[in-house]
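Enquirer: Here it is: the structure, laid out below.
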Amino acid sequence: MTTPALIIQDLSYRYRTRQTLALHNCTFTASPGQIILIAGASGCGKTTLMRCINGLIPRSYKGGELAGRIEVLGQDPAAMSLAAISQLVGTLLQDPEKQIVGSYVLNEVAFGLENLGIPRPEIVRRVDETLAYLGISHLRDRETFALSGGEKQKVALAGVLAMQPDILLLDEPLASLDPASVQETLRVIRRLAEGGKTVLLIEHRVEDVLHIAPDRVLYLEEGEQRFFGPVADFLELADPAQVKLPAEHSARRARPREQPLPPPVPPADPQAPALVQFEDVHFWYTPERPVLHGVSAAIRAGDVIALLGANGAGKSTLVKHAICLLRPRQGRVLVANEDTRKVTAAQTARTVGYVFQSPTHMLFAPTVREELAFGPQNIGFTAAEVTENVAHALRVVNLQGLEETPPLSLSFGQQRRVGIAAILAMRSQILVMDEPTSGQDYRNYTGFMDAILAMRAQGNGAAPFQAVLFITHDIDLAVAYANRIWLFHDGRLAADGPPEEVLATDDLLQRCRVAPSSLVRLNRRLLPQTGRYRRAEALAPLLASS
């Protein structure tokens, strides 16, 4: 019988700053070569579990209450130093920004090995082998600050793998990756398991993980262990309103909703005046590596645009031109008919509100309430309007009750929602979100997207947004909410049109490193009956009658 690599028994933990348990009576084992998928809503205790296993609790998170038993490869981690644990347990954090410390990729991947005192020739060998293993050798000499979010995620993973730990704790490793990179990363994870590594994989993208057949699923709800067992049993147990399951499975198991599904967003008037106009935009950070090549497009009132494309394709770079964080090297960008070379970021804030991909780039206030009030206070809202805007934003993103909590003490998914709420409170004309579903469970992200589009649909007066634009690697988010898709490839706009046209065939998508999901394929099949792409729940009646 194989000796377990990890034993967790009756594990509970309460943070010093909280009244309730973050984790309660968790019990399971993991053997060498197993992949354990850990699923559950944002804030349910998944990351807390990892912190207990890798020793951050109680060493870095002090003053809390820890109970139960943890055994790592036959050893009690309580008697080990963090350095010793790190050689057995490797952790990939949810936000790569918090993990990367080196200025260059080579230095970053070598960092842990250098701290162990490994000879330099061995360090270089391990770094090069790890980069090649992940297919990112071309990033070896790049500066880390210039990498895309997905590239940073891969580099952070390389730093973990170079340490050659026996147990891998991966906290949403797919969140910032394009679909093709997701499949590559999942194949790497499966190879690692086949090589004897034990992998604990926290992931909201359950459908993607199912492609590598995890051995067990651990399902948590509000800190409680609700299930530990085979995938097939989990699929029958999981609520498709909370966990994103394969489309046909979700549609067939969809439950009646208390509120009707929002109707599909109609297309915008192509003749309406442009709120933002990109005219032949070229951009490069360094002349030898151009990022944007002559992009021309417009955002109009009524648009709900999804930006799809590979990591590093130029999506975030283009959007940063609309908020004056970047200016074109050639061409021009007009925001509210003003050339962005002649205005400041503060002046564009009433027109374009931008939610960054990494919440740590925008969160700074001591409480959630102050975080949300900062923007509207500084662009001229009255005190009464600020109070109303903050309360409304908290309802939209489901964060009531956390008003006095420090934003940076929240889970990554909750931090994402605080960032979105901060822009909602400013009531900008255009809401721009960079990877809004990263770190979000299915119920939360459909809830706030439904609320955002419902506000947009109300027309003048109550509705703060005339248009919504979101950068995403979640193609199903585009299917469910966008009336227009911008598909990027290598710094160019490869396609611009409704989902039914842009997502119609695999050839174009694969060239742009976008993979069709089960929901896309189901929509293609049912398009003659529906006339347009829809979310899984909306397709349920058609499947029930077939």
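Each chain in the structure tokens gets a letter, A, B and so on, in the order shown; residues start at 1 in every chain, and ligands are counted from 1 in the order they appear.
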Applying 9 Å and only C-alpha atoms, which residues near Leu139 (chain A) remain after dropping the ones on its own chain fewer than 6 positions away? List them as a PyMOL selection string.
Expert: chain A and resi 105-106+131+147+151+155
Enquirer: Would you put the residues from that selection into a file with N, CA and C atoms, as a PDB file, in the first residue's frame?
Expert:
ATOM      1  N   VAL A 105      13.632  37.180 -15.645  1.00  0.00           N
ATOM      2  CA  VAL A 105      13.081  35.831 -15.528  1.00  0.00           C
ATOM      3  C   VAL A 105      14.133  34.859 -15.002  1.00  0.00           C
ATOM      4  N   LEU A 106      15.335  34.910 -15.528  1.00  0.00           N
ATOM      5  CA  LEU A 106      16.400  34.013 -15.072  1.00  0.00           C
ATOM      6  C   LEU A 106      16.608  34.155 -13.569  1.00  0.00           C
ATOM      7  N   LEU A 131      12.473  25.938 -17.586  1.00  0.00           N
ATOM      8  CA  LEU A 131      11.899  26.809 -18.614  1.00  0.00           C
ATOM      9  C   LEU A 131      11.556  26.024 -19.876  1.00  0.00           C
ATOM     10  N   LEU A 147       6.267  41.437 -18.613  1.00  0.00           N
ATOM     11  CA  LEU A 147       5.529  40.238 -18.993  1.00  0.00           C
ATOM     12  C   LEU A 147       4.033  40.469 -18.845  1.00  0.00           C
ATOM     13  N   GLU A 151       2.067  35.293 -18.699  1.00  0.00           N
ATOM     14  CA  GLU A 151       3.495  34.973 -18.722  1.00  0.00           C
ATOM     15  C   GLU A 151       4.075  34.995 -17.309  1.00  0.00           C
ATOM     16  N   VAL A 155       6.045  31.976 -15.276  1.00  0.00           N
ATOM     17  CA  VAL A 155       7.366  32.181 -14.668  1.00  0.00           C
ATOM     18  C   VAL A 155       7.312  31.835 -13.179  1.00  0.00           C
TER      19      VAL A 155
END
Enquirer: Taking the DSSP secondary structure from the backbone, can you list the residues of region 237-478 of chain A that are alpha helix (DSSP H), as a CSV table (one decimal) with N, CA and C atoms, in the first residue's frame?
Expert:
chain,number,residue,atom,x,y,z
A,237,LEU,N,-23.2,15.8,-7.4
A,237,LEU,CA,-23.4,16.6,-6.1
A,237,LEU,C,-23.4,18.1,-6.3
A,247,ALA,N,-20.9,22.3,-20.1
A,247,ALA,CA,-22.1,23.0,-20.5
A,247,ALA,C,-23.4,22.1,-20.6
A,248,GLU,N,-23.3,21.0,-21.2
A,248,GLU,CA,-24.4,20.1,-21.3
A,248,GLU,C,-24.9,19.6,-20.0
A,249,HIS,N,-23.9,19.3,-19.1
A,249,HIS,CA,-24.1,18.8,-17.8
A,249,HIS,C,-24.9,19.9,-17.0
A,250,SER,N,-24.3,21.1,-17.1
A,250,SER,CA,-25.0,22.3,-16.4
A,250,SER,C,-26.4,22.5,-16.9
A,251,ALA,N,-26.6,22.5,-18.2
A,251,ALA,CA,-27.9,22.8,-18.8
A,251,ALA,C,-28.9,21.7,-18.3
A,252,ARG,N,-28.5,20.5,-18.4
A,252,ARG,CA,-29.5,19.4,-18.0
A,252,ARG,C,-29.8,19.4,-16.5
A,253,ARG,N,-28.9,20.0,-15.7
A,253,ARG,CA,-29.1,20.0,-14.3
A,253,ARG,C,-29.6,21.3,-13.7
A,315,LYS,N,-3.8,42.8,-25.6
A,315,LYS,CA,-5.2,43.2,-25.1
A,315,LYS,C,-5.1,44.3,-24.0
A,316,SER,N,-4.4,44.0,-23.0
A,316,SER,CA,-4.3,45.0,-21.9
A,316,SER,C,-3.6,46.2,-22.3
A,317,THR,N,-2.6,46.1,-23.2
A,317,THR,CA,-1.8,47.3,-23.6
A,317,THR,C,-2.8,48.2,-24.4
A,318,LEU,N,-3.6,47.7,-25.2
A,318,LEU,CA,-4.6,48.5,-26.0
A,318,LEU,C,-5.5,49.3,-25.0
A,319,VAL,N,-6.1,48.6,-24.0
A,319,VAL,CA,-7.0,49.2,-23.1
A,319,VAL,C,-6.4,50.3,-22.3
A,320,LYS,N,-5.1,50.1,-21.9
A,320,LYS,CA,-4.4,51.1,-21.1
A,320,LYS,C,-4.3,52.4,-21.9
A,321,HIS,N,-4.4,52.4,-23.2
A,321,HIS,CA,-4.4,53.6,-24.0
A,321,HIS,C,-5.6,54.4,-23.8
A,345,ALA,N,-5.0,61.0,-17.0
A,345,ALA,CA,-5.8,59.9,-16.6
A,345,ALA,C,-6.9,60.3,-15.7
A,346,ALA,N,-6.7,61.3,-14.8
A,346,ALA,CA,-7.8,61.8,-14.0
A,346,ALA,C,-9.0,62.3,-14.8
A,347,GLN,N,-8.7,63.0,-15.9
A,347,GLN,CA,-9.7,63.6,-16.7
A,347,GLN,C,-10.5,62.6,-17.5
A,348,THR,N,-9.9,61.4,-17.8
A,348,THR,CA,-10.6,60.4,-18.5
A,348,THR,C,-11.4,59.5,-17.5
A,368,VAL,N,-12.7,48.6,3.2
A,368,VAL,CA,-13.4,48.5,2.0
A,368,VAL,C,-14.2,49.7,1.7
A,369,ARG,N,-14.9,50.2,2.7
A,369,ARG,CA,-15.7,51.4,2.6
A,369,ARG,C,-14.8,52.6,2.1
A,370,GLU,N,-13.7,52.8,2.6
A,370,GLU,CA,-12.8,53.9,2.2
A,370,GLU,C,-12.3,53.7,0.8
A,371,GLU,N,-12.0,52.5,0.5
A,371,GLU,CA,-11.5,52.1,-0.8
A,371,GLU,C,-12.5,52.5,-1.9
A,372,LEU,N,-13.8,52.2,-1.6
A,372,LEU,CA,-14.8,52.5,-2.6
A,372,LEU,C,-15.2,54.0,-2.7
A,373,ALA,N,-15.0,54.7,-1.6
A,373,ALA,CA,-15.3,56.1,-1.5
A,373,ALA,C,-14.3,57.0,-2.2
A,374,PHE,N,-13.0,56.5,-2.3
A,374,PHE,CA,-11.9,57.3,-2.7
A,374,PHE,C,-12.1,57.9,-4.1
A,375,GLY,N,-12.5,57.1,-5.1
A,375,GLY,CA,-12.7,57.6,-6.4
A,375,GLY,C,-13.7,58.6,-6.6
A,376,PRO,N,-15.0,58.3,-6.2
A,376,PRO,CA,-16.0,59.3,-6.3
A,376,PRO,C,-15.8,60.6,-5.6
A,377,GLN,N,-15.1,60.5,-4.4
A,377,GLN,CA,-14.8,61.7,-3.7
A,377,GLN,C,-13.9,62.6,-4.5
A,378,ASN,N,-12.9,62.0,-5.2
A,378,ASN,CA,-11.9,62.8,-5.9
A,378,ASN,C,-12.3,63.2,-7.3
A,383,ALA,N,-21.1,64.2,-0.8
A,383,ALA,CA,-21.0,63.2,0.3
A,383,ALA,C,-22.2,62.2,0.2
A,384,ALA,N,-23.4,62.7,-0.1
A,384,ALA,CA,-24.6,61.8,-0.1
A,384,ALA,C,-24.5,60.9,-1.3
A,385,GLU,N,-24.0,61.4,-2.5
A,385,GLU,CA,-23.8,60.6,-3.7
A,385,GLU,C,-22.8,59.5,-3.4
A,386,VAL,N,-21.7,59.9,-2.7
A,386,VAL,CA,-20.6,58.9,-2.4
A,386,VAL,C,-21.2,57.7,-1.6
A,387,THR,N,-22.0,58.1,-0.6
A,387,THR,CA,-22.6,57.1,0.3
A,387,THR,C,-23.5,56.1,-0.5
A,388,GLU,N,-24.3,56.7,-1.3
A,388,GLU,CA,-25.2,55.9,-2.1
A,388,GLU,C,-24.5,55.1,-3.1
A,389,ASN,N,-23.5,55.6,-3.8
A,389,ASN,CA,-22.7,54.9,-4.8
A,389,ASN,C,-22.0,53.7,-4.1
A,390,VAL,N,-21.4,53.9,-2.9
A,390,VAL,CA,-20.7,52.8,-2.2
A,390,VAL,C,-21.6,51.7,-1.8
A,391,ALA,N,-22.8,52.1,-1.3
A,391,ALA,CA,-23.7,51.0,-0.9
A,391,ALA,C,-24.2,50.2,-2.1
A,392,HIS,N,-24.5,50.9,-3.2
A,392,HIS,CA,-24.9,50.2,-4.4
A,392,HIS,C,-23.9,49.3,-4.9
A,393,ALA,N,-22.6,49.7,-5.0
A,393,ALA,CA,-21.5,48.9,-5.5
A,393,ALA,C,-21.3,47.7,-4.6
A,394,LEU,N,-21.4,47.8,-3.3
A,394,LEU,CA,-21.3,46.7,-2.4
A,394,LEU,C,-22.4,45.6,-2.7
A,395,ARG,N,-23.6,46.1,-2.9
A,395,ARG,CA,-24.7,45.1,-3.3
A,395,ARG,C,-24.4,44.4,-4.6
A,396,VAL,N,-23.9,45.1,-5.6
A,396,VAL,CA,-23.7,44.5,-6.9
A,396,VAL,C,-22.7,43.3,-6.8
A,412,PHE,N,-8.3,36.5,-2.6
A,412,PHE,CA,-8.0,37.1,-3.9
A,412,PHE,C,-9.3,37.4,-4.6
A,413,GLY,N,-10.2,36.4,-4.6
A,413,GLY,CA,-11.5,36.6,-5.3
A,413,GLY,C,-12.3,37.8,-4.7
A,414,GLN,N,-12.3,38.0,-3.4
A,414,GLN,CA,-13.0,39.1,-2.8
A,414,GLN,C,-12.3,40.4,-3.1
A,415,GLN,N,-10.9,40.4,-3.2
A,415,GLN,CA,-10.2,41.6,-3.6
A,415,GLN,C,-10.6,42.0,-5.0
A,416,ARG,N,-10.7,41.0,-5.9
A,416,ARG,CA,-11.2,41.3,-7.3
A,416,ARG,C,-12.5,42.1,-7.2
A,417,ARG,N,-13.4,41.6,-6.4
A,417,ARG,CA,-14.7,42.2,-6.4
A,417,ARG,C,-14.7,43.7,-5.8
A,418,VAL,N,-13.7,43.9,-4.8
A,418,VAL,CA,-13.6,45.2,-4.3
A,418,VAL,C,-13.1,46.1,-5.4
A,419,GLY,N,-12.1,45.7,-6.2
A,419,GLY,CA,-11.6,46.5,-7.3
A,419,GLY,C,-12.7,46.8,-8.3
A,420,ILE,N,-13.6,45.9,-8.6
A,420,ILE,CA,-14.7,46.1,-9.5
A,420,ILE,C,-15.7,47.1,-8.8
A,421,ALA,N,-16.0,46.9,-7.5
A,421,ALA,CA,-16.9,47.8,-6.8
A,421,ALA,C,-16.3,49.3,-6.8
A,422,ALA,N,-15.0,49.4,-6.7
A,422,ALA,CA,-14.4,50.8,-6.6
A,422,ALA,C,-14.7,51.5,-7.9
A,423,ILE,N,-14.7,50.8,-9.0
A,423,ILE,CA,-15.0,51.5,-10.3
A,423,ILE,C,-16.5,51.7,-10.5
A,424,LEU,N,-17.3,50.7,-10.0
A,424,LEU,CA,-18.8,50.9,-10.0
A,424,LEU,C,-19.2,52.2,-9.3
A,442,TYR,N,-18.4,30.7,-9.8
A,442,TYR,CA,-19.3,30.9,-10.9
A,442,TYR,C,-20.5,31.8,-10.4
A,443,ARG,N,-21.0,31.5,-9.2
A,443,ARG,CA,-22.2,32.3,-8.7
A,443,ARG,C,-21.9,33.7,-8.6
A,444,ASN,N,-20.7,34.0,-8.0
A,444,ASN,CA,-20.4,35.4,-7.8
A,444,ASN,C,-20.2,36.2,-9.1
A,445,TYR,N,-19.5,35.5,-10.1
A,445,TYR,CA,-19.2,36.3,-11.3
A,445,TYR,C,-20.4,36.4,-12.2
A,446,THR,N,-21.3,35.4,-12.2
A,446,THR,CA,-22.5,35.6,-12.9
A,446,THR,C,-23.4,36.6,-12.2
A,447,GLY,N,-23.4,36.7,-10.9
A,447,GLY,CA,-24.2,37.6,-10.2
A,447,GLY,C,-23.8,39.1,-10.5
A,448,PHE,N,-22.5,39.4,-10.4
A,448,PHE,CA,-22.1,40.8,-10.6
A,448,PHE,C,-22.2,41.1,-12.1
A,449,MET,N,-22.0,40.2,-13.0
A,449,MET,CA,-22.1,40.5,-14.4
A,449,MET,C,-23.6,40.8,-14.8
A,450,ASP,N,-24.5,39.9,-14.2
A,450,ASP,CA,-25.9,40.2,-14.4
A,450,ASP,C,-26.3,41.6,-13.9
A,451,ALA,N,-25.8,41.9,-12.7
A,451,ALA,CA,-26.2,43.2,-12.1
A,451,ALA,C,-25.6,44.4,-12.9
A,452,ILE,N,-24.4,44.2,-13.4
A,452,ILE,CA,-23.7,45.3,-14.2
A,452,ILE,C,-24.5,45.5,-15.5
A,453,LEU,N,-24.9,44.4,-16.2
A,453,LEU,CA,-25.6,44.6,-17.5
A,453,LEU,C,-27.0,45.0,-17.3
A,454,ALA,N,-27.6,44.7,-16.1
A,454,ALA,CA,-28.9,45.2,-15.8
A,454,ALA,C,-28.9,46.7,-15.6
A,455,MET,N,-27.9,47.2,-14.9
A,455,MET,CA,-27.7,48.6,-14.8
A,455,MET,C,-27.6,49.3,-16.1
A,456,ARG,N,-26.8,48.7,-17.0
A,456,ARG,CA,-26.5,49.3,-18.3
A,456,ARG,C,-27.8,49.3,-19.1
A,457,ALA,N,-28.6,48.3,-18.9
A,457,ALA,CA,-29.9,48.3,-19.7
A,457,ALA,C,-30.9,49.2,-19.3
A,475,ILE,N,-13.8,32.1,-22.4
A,475,ILE,CA,-14.6,32.2,-23.6
A,475,ILE,C,-16.1,32.1,-23.3
A,476,ASP,N,-16.5,31.4,-22.3
A,476,ASP,CA,-17.9,31.3,-21.9
A,476,ASP,C,-18.4,32.6,-21.4
A,477,LEU,N,-17.6,33.4,-20.8
A,477,LEU,CA,-18.0,34.7,-20.3
A,477,LEU,C,-18.4,35.6,-21.5
A,478,ALA,N,-17.6,35.5,-22.6
A,478,ALA,CA,-17.9,36.2,-23.8
A,478,ALA,C,-19.2,35.7,-24.4
Enquirer: When you count only C-alpha atoms, which of these residues is closest to Gln510 (chain A): A:Gln242, A:Ser181, A:Gln34, A:Thr144?
Expert: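 That would be A:Ser181, the residue with the smallest distance to Gln510 (chain A).
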Enquirer: Excluding same-chain residues fewer than 5 positions from Cys44 (chain A), what lies within 9 Å of it counting only C-alpha atoms, as a ChimeraX atom specification?
Expert: /A:22-23,220-224
Enquirer: If you run DSSP on the backbone here, which positions in region 100-308 of chain A get strand (DSSP E)? Please write them as a ChimeraX atom specification.
Expert: /A:167-171,198-202,216-221,224-229,274-286,289-300,304-308
Enquirer: Keeping N, CA and C atoms for every residue in the selection just given, could you write it to a file as a short mmCIF file (atom, residue, chain, number, x, y, z; two decimals), in the first residue's frame?
Expert:
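This went into again.cif:
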data_model
loop_
_atom_site.label_atom_id
_atom_site.label_comp_id
_atom_site.auth_asym_id
_atom_site.auth_seq_id
_atom_site.Cartn_x
_atom_site.Cartn_y
_atom_site.Cartn_z
N ILE A 167 5.47 17.77 -3.24
CA ILE A 167 4.05 18.15 -3.19
C ILE A 167 3.91 19.54 -3.78
N LEU A 168 2.96 19.71 -4.69
CA LEU A 168 2.71 21.00 -5.33
C LEU A 168 1.34 21.53 -4.92
N LEU A 169 1.30 22.74 -4.41
CA LEU A 169 0.06 23.42 -4.08
C LEU A 169 -0.13 24.53 -5.11
N LEU A 170 -1.09 24.37 -5.99
CA LEU A 170 -1.29 25.31 -7.10
C LEU A 170 -2.61 26.05 -6.90
N ASP A 171 -2.51 27.34 -6.58
CA ASP A 171 -3.69 28.14 -6.28
C ASP A 171 -4.12 28.88 -7.54
N THR A 198 2.71 14.87 -5.98
CA THR A 198 1.35 15.02 -5.46
C THR A 198 0.91 16.45 -5.73
N VAL A 199 -0.23 16.61 -6.40
CA VAL A 199 -0.67 17.94 -6.82
C VAL A 199 -2.02 18.25 -6.20
N LEU A 200 -2.07 19.35 -5.42
CA LEU A 200 -3.33 19.89 -4.94
C LEU A 200 -3.62 21.14 -5.77
N LEU A 201 -4.73 21.11 -6.48
CA LEU A 201 -5.02 22.12 -7.50
C LEU A 201 -6.31 22.84 -7.15
N ILE A 202 -6.18 24.07 -6.67
CA ILE A 202 -7.35 24.93 -6.46
C ILE A 202 -7.73 25.55 -7.81
N ARG A 216 -9.22 12.82 -7.26
CA ARG A 216 -10.23 13.10 -6.26
C ARG A 216 -10.60 14.58 -6.32
N VAL A 217 -11.78 14.89 -5.79
CA VAL A 217 -12.22 16.28 -5.65
C VAL A 217 -12.51 16.54 -4.18
N LEU A 218 -11.94 17.63 -3.66
CA LEU A 218 -12.27 18.12 -2.32
C LEU A 218 -13.13 19.37 -2.51
N TYR A 219 -14.34 19.35 -1.96
CA TYR A 219 -15.28 20.45 -2.16
C TYR A 219 -15.57 21.11 -0.81
N LEU A 220 -15.32 22.43 -0.73
CA LEU A 220 -15.52 23.18 0.50
C LEU A 220 -16.63 24.20 0.34
N GLU A 221 -17.39 24.40 1.39
CA GLU A 221 -18.40 25.45 1.44
C GLU A 221 -18.30 26.15 2.79
N GLU A 224 -16.33 24.53 5.48
CA GLU A 224 -16.70 23.14 5.81
C GLU A 224 -16.39 22.22 4.63
N GLN A 225 -15.89 21.03 4.93
CA GLN A 225 -15.68 20.02 3.89
C GLN A 225 -17.00 19.34 3.58
N ARG A 226 -17.49 19.55 2.36
CA ARG A 226 -18.77 18.96 1.97
C ARG A 226 -18.61 17.65 1.22
N PHE A 227 -17.43 17.47 0.60
CA PHE A 227 -17.26 16.25 -0.21
C PHE A 227 -15.78 16.00 -0.43
N PHE A 228 -15.42 14.72 -0.40
CA PHE A 228 -14.10 14.29 -0.86
C PHE A 228 -14.28 12.92 -1.50
N GLY A 229 -14.04 12.85 -2.81
CA GLY A 229 -14.24 11.58 -3.48
C GLY A 229 -14.05 11.69 -4.98
N ALA A 274 -18.72 57.43 -31.37
CA ALA A 274 -17.74 56.65 -30.62
C ALA A 274 -17.45 57.32 -29.29
N LEU A 275 -17.52 56.52 -28.20
CA LEU A 275 -17.09 57.00 -26.89
C LEU A 275 -15.57 56.97 -26.80
N VAL A 276 -14.99 55.90 -27.39
CA VAL A 276 -13.53 55.77 -27.49
C VAL A 276 -13.22 55.35 -28.91
N GLN A 277 -12.24 55.99 -29.52
CA GLN A 277 -11.84 55.67 -30.89
C GLN A 277 -10.35 55.39 -30.93
N PHE A 278 -9.99 54.18 -31.39
CA PHE A 278 -8.58 53.83 -31.63
C PHE A 278 -8.33 53.98 -33.13
N GLU A 279 -7.37 54.81 -33.49
CA GLU A 279 -7.09 55.07 -34.90
C GLU A 279 -5.65 54.68 -35.24
N ASP A 280 -5.50 53.54 -35.92
CA ASP A 280 -4.20 53.08 -36.41
C ASP A 280 -3.14 53.13 -35.30
N VAL A 281 -3.46 52.50 -34.17
CA VAL A 281 -2.60 52.59 -32.98
C VAL A 281 -1.44 51.60 -33.08
N HIS A 282 -0.24 52.14 -32.98
CA HIS A 282 0.98 51.35 -32.88
C HIS A 282 1.62 51.64 -31.51
N PHE A 283 2.16 50.58 -30.88
CA PHE A 283 2.83 50.81 -29.59
C PHE A 283 3.92 49.77 -29.38
N TRP A 284 5.00 50.22 -28.72
CA TRP A 284 6.05 49.30 -28.28
C TRP A 284 6.65 49.83 -26.98
N TYR A 285 7.03 48.86 -26.12
CA TYR A 285 7.77 49.23 -24.91
C TYR A 285 9.24 49.44 -25.27
N THR A 286 9.75 48.57 -26.15
CA THR A 286 11.08 48.75 -26.74
C THR A 286 10.94 48.60 -28.24
N ARG A 289 10.63 45.24 -29.99
CA ARG A 289 9.55 44.31 -29.66
C ARG A 289 8.21 45.04 -29.71
N PRO A 290 7.68 45.32 -30.90
CA PRO A 290 6.38 46.00 -31.00
C PRO A 290 5.26 45.16 -30.41
N VAL A 291 4.29 45.84 -29.78
CA VAL A 291 3.17 45.16 -29.11
C VAL A 291 1.87 45.33 -29.88
N LEU A 292 1.62 46.52 -30.41
CA LEU A 292 0.41 46.78 -31.18
C LEU A 292 0.78 47.22 -32.59
N HIS A 293 0.04 46.70 -33.57
CA HIS A 293 0.35 46.97 -34.98
C HIS A 293 -0.90 47.55 -35.67
N GLY A 294 -1.06 48.85 -35.66
CA GLY A 294 -2.11 49.47 -36.45
C GLY A 294 -3.52 49.08 -36.07
N VAL A 295 -3.86 49.14 -34.80
CA VAL A 295 -5.20 48.74 -34.35
C VAL A 295 -6.17 49.90 -34.52
N SER A 296 -7.28 49.63 -35.19
CA SER A 296 -8.35 50.61 -35.37
C SER A 296 -9.66 49.98 -34.93
N ALA A 297 -10.37 50.63 -34.00
CA ALA A 297 -11.64 50.12 -33.49
C ALA A 297 -12.31 51.22 -32.71
N ALA A 298 -13.60 51.04 -32.40
CA ALA A 298 -14.34 52.03 -31.64
C ALA A 298 -15.22 51.36 -30.61
N ILE A 299 -15.41 52.04 -29.48
CA ILE A 299 -16.37 51.60 -28.46
C ILE A 299 -17.54 52.58 -28.51
N ARG A 300 -18.76 52.04 -28.68
CA ARG A 300 -19.95 52.87 -28.82
C ARG A 300 -20.95 52.56 -27.72
N VAL A 304 -21.16 45.75 -25.49
CA VAL A 304 -20.61 44.91 -24.43
C VAL A 304 -19.56 44.05 -25.14
N ILE A 305 -18.31 44.43 -25.02
CA ILE A 305 -17.23 43.87 -25.83
C ILE A 305 -16.37 42.94 -24.99
N ALA A 306 -16.12 41.76 -25.50
CA ALA A 306 -15.16 40.83 -24.90
C ALA A 306 -13.89 40.83 -25.73
N LEU A 307 -12.74 41.04 -25.08
CA LEU A 307 -11.44 40.96 -25.76
C LEU A 307 -10.85 39.59 -25.49
N LEU A 308 -10.69 38.81 -26.56
CA LEU A 308 -10.12 37.47 -26.46
C LEU A 308 -8.78 37.43 -27.20
#
Enquirer: Pick out the residues sitting within 10 Å of Gln94 (chain A), and hand them over as a list in words; count only C-alpha atoms, and ignore anything fewer than 3 positions along from it in its own chain.
Expert: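 Residues near the query, excluding close chain neighbours: Thr47, Thr91, Glu97, Lys98, Gln99, Gln153, Leu170, Asp171, Glu172, Pro173, Leu174, Ala175, Ser176, Ile202, Glu203, Ser411, Phe412, Gly413, Ser438 and Gly439 of chain A.
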Enquirer: Those selected residues, please, written with C-alpha atoms and delivered as an mmCIF file, in the first residue's frame.
Expert:
data_model
loop_
_atom_site.group_PDB
_atom_site.id
_atom_site.type_symbol
_atom_site.label_atom_id
_atom_site.label_comp_id
_atom_site.auth_asym_id
_atom_site.auth_seq_id
_atom_site.Cartn_x
_atom_site.Cartn_y
_atom_site.Cartn_z
ATOM 1 C CA THR A 47 -6.335 29.156 0.291
ATOM 2 C CA THR A 91 3.348 26.740 -3.647
ATOM 3 C CA GLU A 97 2.478 39.644 -8.625
ATOM 4 C CA LYS A 98 2.912 38.620 -4.982
ATOM 5 C CA GLN A 99 5.357 35.838 -5.841
ATOM 6 C CA GLN A 153 1.959 33.010 -13.999
ATOM 7 C CA LEU A 170 -1.294 25.312 -7.098
ATOM 8 C CA ASP A 171 -3.690 28.143 -6.277
ATOM 9 C CA GLU A 172 -5.637 28.896 -9.480
ATOM 10 C CA PRO A 173 -2.736 28.311 -11.892
ATOM 11 C CA LEU A 174 -5.058 28.680 -14.898
ATOM 12 C CA ALA A 175 -6.644 32.009 -13.929
ATOM 13 C CA SER A 176 -4.486 34.284 -16.104
ATOM 14 C CA ILE A 202 -7.354 24.926 -6.464
ATOM 15 C CA GLU A 203 -9.353 25.935 -9.510
ATOM 16 C CA SER A 411 -9.277 36.472 -0.327
ATOM 17 C CA PHE A 412 -8.012 37.088 -3.857
ATOM 18 C CA GLY A 413 -11.510 36.640 -5.286
ATOM 19 C CA SER A 438 -10.114 35.530 -12.188
ATOM 20 C CA GLY A 439 -10.433 34.179 -8.651
#
Enquirer: May I ask which of the residues A:Ser148, A:Leu325, A:Tyr133, A:Glu207 is the closest one to Val188 (chain A), counting only C-alpha atoms?
Expert: A:Tyr133
Enquirer: Pick the closest to Val182 (chain A) from A:Lys342, A:Arg513, A:Arg120, A:Arg126: which is it, counting only C-alpha atoms?
Expert: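 Ranked by minimum distance to Val182 (chain A), first place goes to A:Arg513.
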